[in-house]
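Shown next, in C-alpha coordinates, is the structure this report addresses.
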Amino acid sequence: MSVAAAITSVNAALTTLKAMRAIEKAYDQAVLKSQLAELMGNLSEAKMALIDAKEEISARDDEIKDLKGKLKKQAETAQFDGYSYAATVEGKPTGAPYCNACIANDGTQIPLSHAMDRHWLCPRCKGIASNVRKFP
(Lines give C-alpha, C1' and ligand atoms only; values in the text may rest on other atoms or scores of the structure.)
Protein backbone atom coordinates (compact mmCIF):
# COMPACT_ATOMS: atom_id res chain seq x y z
CA MET A 1 0.00 0.00 0.00
CA SER A 2 1.08 3.54 -0.60
CA VAL A 3 0.92 6.68 1.48
CA ALA A 4 -2.20 7.68 -0.47
CA ALA A 5 -3.89 4.41 0.54
CA ALA A 6 -2.96 5.06 4.16
CA ILE A 7 -4.49 8.54 3.98
CA THR A 8 -7.66 7.08 2.46
CA SER A 9 -7.88 4.54 5.29
CA VAL A 10 -7.35 7.23 7.93
CA ASN A 11 -10.05 9.38 6.31
CA ALA A 12 -12.47 6.45 6.37
CA ALA A 13 -11.63 5.84 10.03
CA LEU A 14 -12.24 9.49 10.88
CA THR A 15 -15.58 9.44 9.06
CA THR A 16 -16.62 6.38 11.06
CA LEU A 17 -15.44 8.02 14.27
CA LYS A 18 -17.51 11.15 13.53
CA ALA A 19 -20.56 8.97 12.94
CA MET A 20 -19.94 7.20 16.25
CA ARG A 21 -19.78 10.51 18.13
CA ALA A 22 -23.19 11.39 16.75
CA ILE A 23 -24.74 8.21 18.12
CA GLU A 24 -27.50 8.86 20.57
CA LYS A 25 -28.14 6.71 23.62
CA ALA A 26 -31.19 5.24 21.97
CA TYR A 27 -29.05 3.87 19.14
CA ASP A 28 -28.92 0.13 18.87
CA GLN A 29 -25.84 -1.44 20.45
CA ALA A 30 -25.42 -3.71 17.41
CA VAL A 31 -24.95 -0.64 15.19
CA LEU A 32 -22.37 0.72 17.63
CA LYS A 33 -20.43 -2.56 17.60
CA SER A 34 -20.57 -2.63 13.81
CA GLN A 35 -19.15 0.86 13.54
CA LEU A 36 -16.43 0.05 16.10
CA ALA A 37 -15.43 -2.98 14.03
CA GLU A 38 -15.35 -0.85 10.89
CA LEU A 39 -13.20 1.75 12.67
CA MET A 40 -10.75 -0.89 13.86
CA GLY A 41 -10.51 -2.32 10.34
CA ASN A 42 -9.86 1.08 8.81
CA LEU A 43 -7.19 1.90 11.37
CA SER A 44 -5.53 -1.50 10.82
CA GLU A 45 -5.43 -0.87 7.06
CA ALA A 46 -3.93 2.56 7.65
CA LYS A 47 -1.29 1.12 9.98
CA MET A 48 -0.30 -1.56 7.45
CA ALA A 49 -0.17 1.00 4.65
CA LEU A 50 2.10 3.25 6.69
CA ILE A 51 4.40 0.32 7.56
CA ASP A 52 4.61 -0.58 3.86
CA ALA A 53 5.30 3.04 2.94
CA LYS A 54 8.04 3.26 5.58
CA GLU A 55 9.74 0.13 4.18
CA GLU A 56 9.46 1.47 0.62
CA ILE A 57 10.94 4.83 1.65
CA SER A 58 13.77 3.06 3.49
CA ALA A 59 14.54 0.93 0.42
CA ARG A 60 14.59 4.02 -1.79
CA ASP A 61 16.87 5.82 0.65
CA ASP A 62 19.29 2.85 0.52
CA GLU A 63 19.18 2.86 -3.29
CA ILE A 64 19.86 6.61 -3.39
CA LYS A 65 22.82 6.18 -1.03
CA ASP A 66 24.20 3.37 -3.22
CA LEU A 67 23.77 5.39 -6.42
CA LYS A 68 25.45 8.43 -4.87
CA GLY A 69 28.42 6.24 -3.92
CA LYS A 70 28.66 4.87 -7.46
CA LEU A 71 28.38 8.36 -8.92
CA LYS A 72 31.17 9.61 -6.67
CA LYS A 73 33.43 6.77 -7.77
CA GLN A 74 32.68 7.46 -11.43
CA ALA A 75 33.53 11.12 -10.94
CA GLU A 76 37.05 10.05 -9.95
CA THR A 77 37.90 8.69 -13.39
CA ALA A 78 39.70 10.01 -16.43
CA GLN A 79 38.70 9.24 -20.03
CA PHE A 80 41.07 8.18 -22.79
CA ASP A 81 40.19 6.63 -26.19
CA GLY A 82 36.64 5.81 -25.05
CA TYR A 83 37.70 4.04 -21.84
CA SER A 84 37.51 5.11 -18.21
CA TYR A 85 40.64 4.91 -16.07
CA ALA A 86 41.40 5.66 -12.46
CA ALA A 87 42.43 9.30 -12.24
CA THR A 88 45.56 10.72 -10.68
CA VAL A 89 45.43 13.80 -8.48
CA GLU A 90 46.06 15.85 -11.62
CA GLY A 91 43.09 14.16 -13.37
CA LYS A 92 45.22 12.09 -15.75
CA PRO A 93 44.45 8.41 -16.47
CA THR A 94 46.43 5.76 -14.60
CA GLY A 95 46.56 1.96 -14.64
CA ALA A 96 44.45 -0.35 -16.78
CA PRO A 97 41.12 0.79 -18.21
CA TYR A 98 37.80 -0.22 -16.66
CA CYS A 99 35.46 -2.56 -18.52
CA ASN A 100 32.99 -0.45 -20.52
CA ALA A 101 30.39 -3.25 -20.52
CA CYS A 102 30.37 -3.53 -16.70
CA ILE A 103 30.15 0.26 -16.33
CA ALA A 104 27.22 0.37 -18.77
CA ASN A 105 25.52 -2.61 -17.12
CA ASP A 106 25.52 -1.57 -13.46
CA GLY A 107 28.13 1.15 -12.97
CA THR A 108 30.74 -1.22 -11.52
CA GLN A 109 34.31 -0.28 -12.37
CA ILE A 110 36.23 -3.50 -13.09
CA PRO A 111 39.81 -3.04 -14.33
CA LEU A 112 40.62 -5.07 -17.43
CA SER A 113 43.33 -7.72 -17.16
CA HIS A 114 46.05 -8.09 -19.77
CA ALA A 115 45.34 -11.29 -21.70
CA MET A 116 47.90 -11.46 -24.51
CA ASP A 117 49.63 -9.16 -26.92
CA ARG A 118 47.24 -6.20 -27.34
CA HIS A 119 44.13 -7.93 -25.96
CA TRP A 120 42.53 -7.30 -22.56
CA LEU A 121 39.91 -9.34 -20.71
CA CYS A 122 37.34 -8.38 -18.09
CA PRO A 123 37.62 -10.85 -15.21
CA ARG A 124 33.93 -10.37 -14.37
CA CYS A 125 31.96 -10.42 -17.64
CA LYS A 126 34.72 -11.93 -19.82
CA GLY A 127 34.44 -9.04 -22.27
CA ILE A 128 37.42 -8.51 -24.57
CA ALA A 129 39.04 -5.21 -25.48
CA SER A 130 41.82 -4.70 -28.00
CA ASN A 131 44.41 -1.99 -28.49
CA VAL A 132 43.83 -0.31 -25.15
CA ARG A 133 46.58 1.50 -23.32
CA LYS A 134 47.76 0.94 -19.77
CA PHE A 135 49.13 4.02 -18.05
CA PRO A 136 51.92 3.90 -15.49
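Residue names in the C-alpha coordinates use chain letters A, B, ... in the order shown, residue numbers from 1 in each chain, and ligand numbers from 1 in the order shown.
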
Tell me which protein, DNA and RNA residues are within 7 Å of range 1-11 of chain A, counting only C-alpha atoms, leaving out same-chain ones fewer than 5 positions away, and put them as a short mmCIF file (atom, residue, chain, number, x, y, z; two decimals) with N, CA, C and O atoms, in the first residue's frame.
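part-v8.cif written:
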```cif
data_model
loop_
_atom_site.label_atom_id
_atom_site.label_comp_id
_atom_site.auth_asym_id
_atom_site.auth_seq_id
_atom_site.Cartn_x
_atom_site.Cartn_y
_atom_site.Cartn_z
N ASN A 42 -10.45 -0.04 9.54
CA ASN A 42 -9.86 1.08 8.81
C ASN A 42 -8.52 1.49 9.40
O ASN A 42 -7.56 1.79 8.67
N LEU A 43 -8.45 1.52 10.73
CA LEU A 43 -7.19 1.90 11.37
C LEU A 43 -6.12 0.84 11.14
O LEU A 43 -4.94 1.17 10.95
N GLU A 45 -5.87 -1.08 8.45
CA GLU A 45 -5.43 -0.87 7.06
C GLU A 45 -4.47 0.30 6.97
O GLU A 45 -3.45 0.24 6.28
N ALA A 46 -4.79 1.38 7.68
CA ALA A 46 -3.93 2.56 7.65
C ALA A 46 -2.57 2.23 8.25
O ALA A 46 -1.52 2.64 7.71
N ALA A 49 -0.60 0.17 5.78
CA ALA A 49 -0.17 1.00 4.65
C ALA A 49 1.02 1.87 5.04
O ALA A 49 1.96 2.04 4.26
N LEU A 50 0.99 2.41 6.24
CA LEU A 50 2.10 3.25 6.69
C LEU A 50 3.37 2.43 6.91
O LEU A 50 4.48 2.89 6.62
N ASP A 52 4.13 -0.32 5.22
CA ASP A 52 4.61 -0.58 3.86
C ASP A 52 5.31 0.64 3.26
O ASP A 52 6.35 0.52 2.63
N ALA A 53 4.71 1.81 3.48
CA ALA A 53 5.30 3.04 2.94
C ALA A 53 6.65 3.31 3.59
O ALA A 53 7.59 3.73 2.91
#
```

Give me the residues of range 102-132 of chain A that have any atom at most 10 Å from an atom of range 63-72 of chain A; for each, the nearest atom pair and the distance in Å, rounded to one decimal. Use only C-alpha atoms, sort by chain and number, and format it as a Markdown table.
```
| residue | atom | partner | partner_atom | distance |
| --- | --- | --- | --- | --- |
| A:Asp106 | CA | A:Lys70 | CA | 9.3 |
| A:Gly107 | CA | A:Lys70 | CA | 6.7 |
| A:Thr108 | CA | A:Lys70 | CA | 7.6 |
| A:Gln109 | CA | A:Lys70 | CA | 9.1 |
```

Next on the checklist: Taking only chain A into account, list the residues labelled alpha helix (DSSP H) by DSSP (computed from the backbone), as a VMD selection string.
Outcome noted: chain A and resid 3 to 21 29 to 75 100 to 106

### Task
Could you give me, as a list in words, the residues within 8 Å of Leu36 in chain A, counting only C-alpha atoms and dropping anything in the same chain fewer than 4 positions from it?
Met20, Leu32 and Met40 of chain A

Output of the above residues as an mmCIF file, in the first residue's frame, restricted to N, CA and C atoms:
```cif
data_model
loop_
_atom_site.group_PDB
_atom_site.id
_atom_site.type_symbol
_atom_site.label_atom_id
_atom_site.label_comp_id
_atom_site.auth_asym_id
_atom_site.auth_seq_id
_atom_site.Cartn_x
_atom_site.Cartn_y
_atom_site.Cartn_z
ATOM 1 N N MET A 20 -19.790 7.793 14.925
ATOM 2 C CA MET A 20 -19.944 7.201 16.250
ATOM 3 C C MET A 20 -20.195 8.277 17.301
ATOM 4 N N LEU A 32 -23.588 0.197 17.019
ATOM 5 C CA LEU A 32 -22.371 0.717 17.627
ATOM 6 C C LEU A 32 -21.223 -0.273 17.466
ATOM 7 N N MET A 40 -11.961 -0.094 13.600
ATOM 8 C CA MET A 40 -10.755 -0.886 13.856
ATOM 9 C C MET A 40 -10.163 -1.411 12.556
#
```

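Note that CA of Ala19 in chain A and CA of Ser44 in chain A are 18.4 Å apart.
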
**Q.** DSSP-assigned strand (DSSP E or B) among chain A, expressed as a PyMOL selection string
**A.** chain A and resi 77-80+83-87+93-95+98+111+113-116+119-121+128-130+135

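CA of Ala87 in chain A lies 22.1 Å from CA of His119 in chain A.
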
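Checking A:Val89, A:Cys102, A:Val31, A:Val132 one by one against His114 in chain A, counting only C-alpha atoms, you find the shortest gap at A:Val132.
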
Exercise. Counting only C-alpha atoms, what is within 9 Å of Ala96 in chain A, bar same-chain residues fewer than 5 positions away, as a VMD selection string?
Worked result: chain A and resid 84 to 86 111 to 114 132 to 136

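Distances from A:Leu39, A:Ile128, A:Met116, A:Ala59 to Lys18 in chain A were compared using only C-alpha atoms, and the smallest one belongs to A:Leu39.
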
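If you look at CA of Asp61 in chain A and CA of Ala104 in chain A, they are 22.7 Å away from each other.
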
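Distances from A:Glu76, A:Glu38, A:Asp117, A:Asp28 to Asn131 in chain A were compared using only C-alpha atoms, and the smallest one belongs to A:Asp117.
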
With distances taken over only C-alpha atoms, the candidate from A:Lys33, A:Arg118, A:Cys125, A:Pro97 nearest Asp81 in chain A is A:Pro97
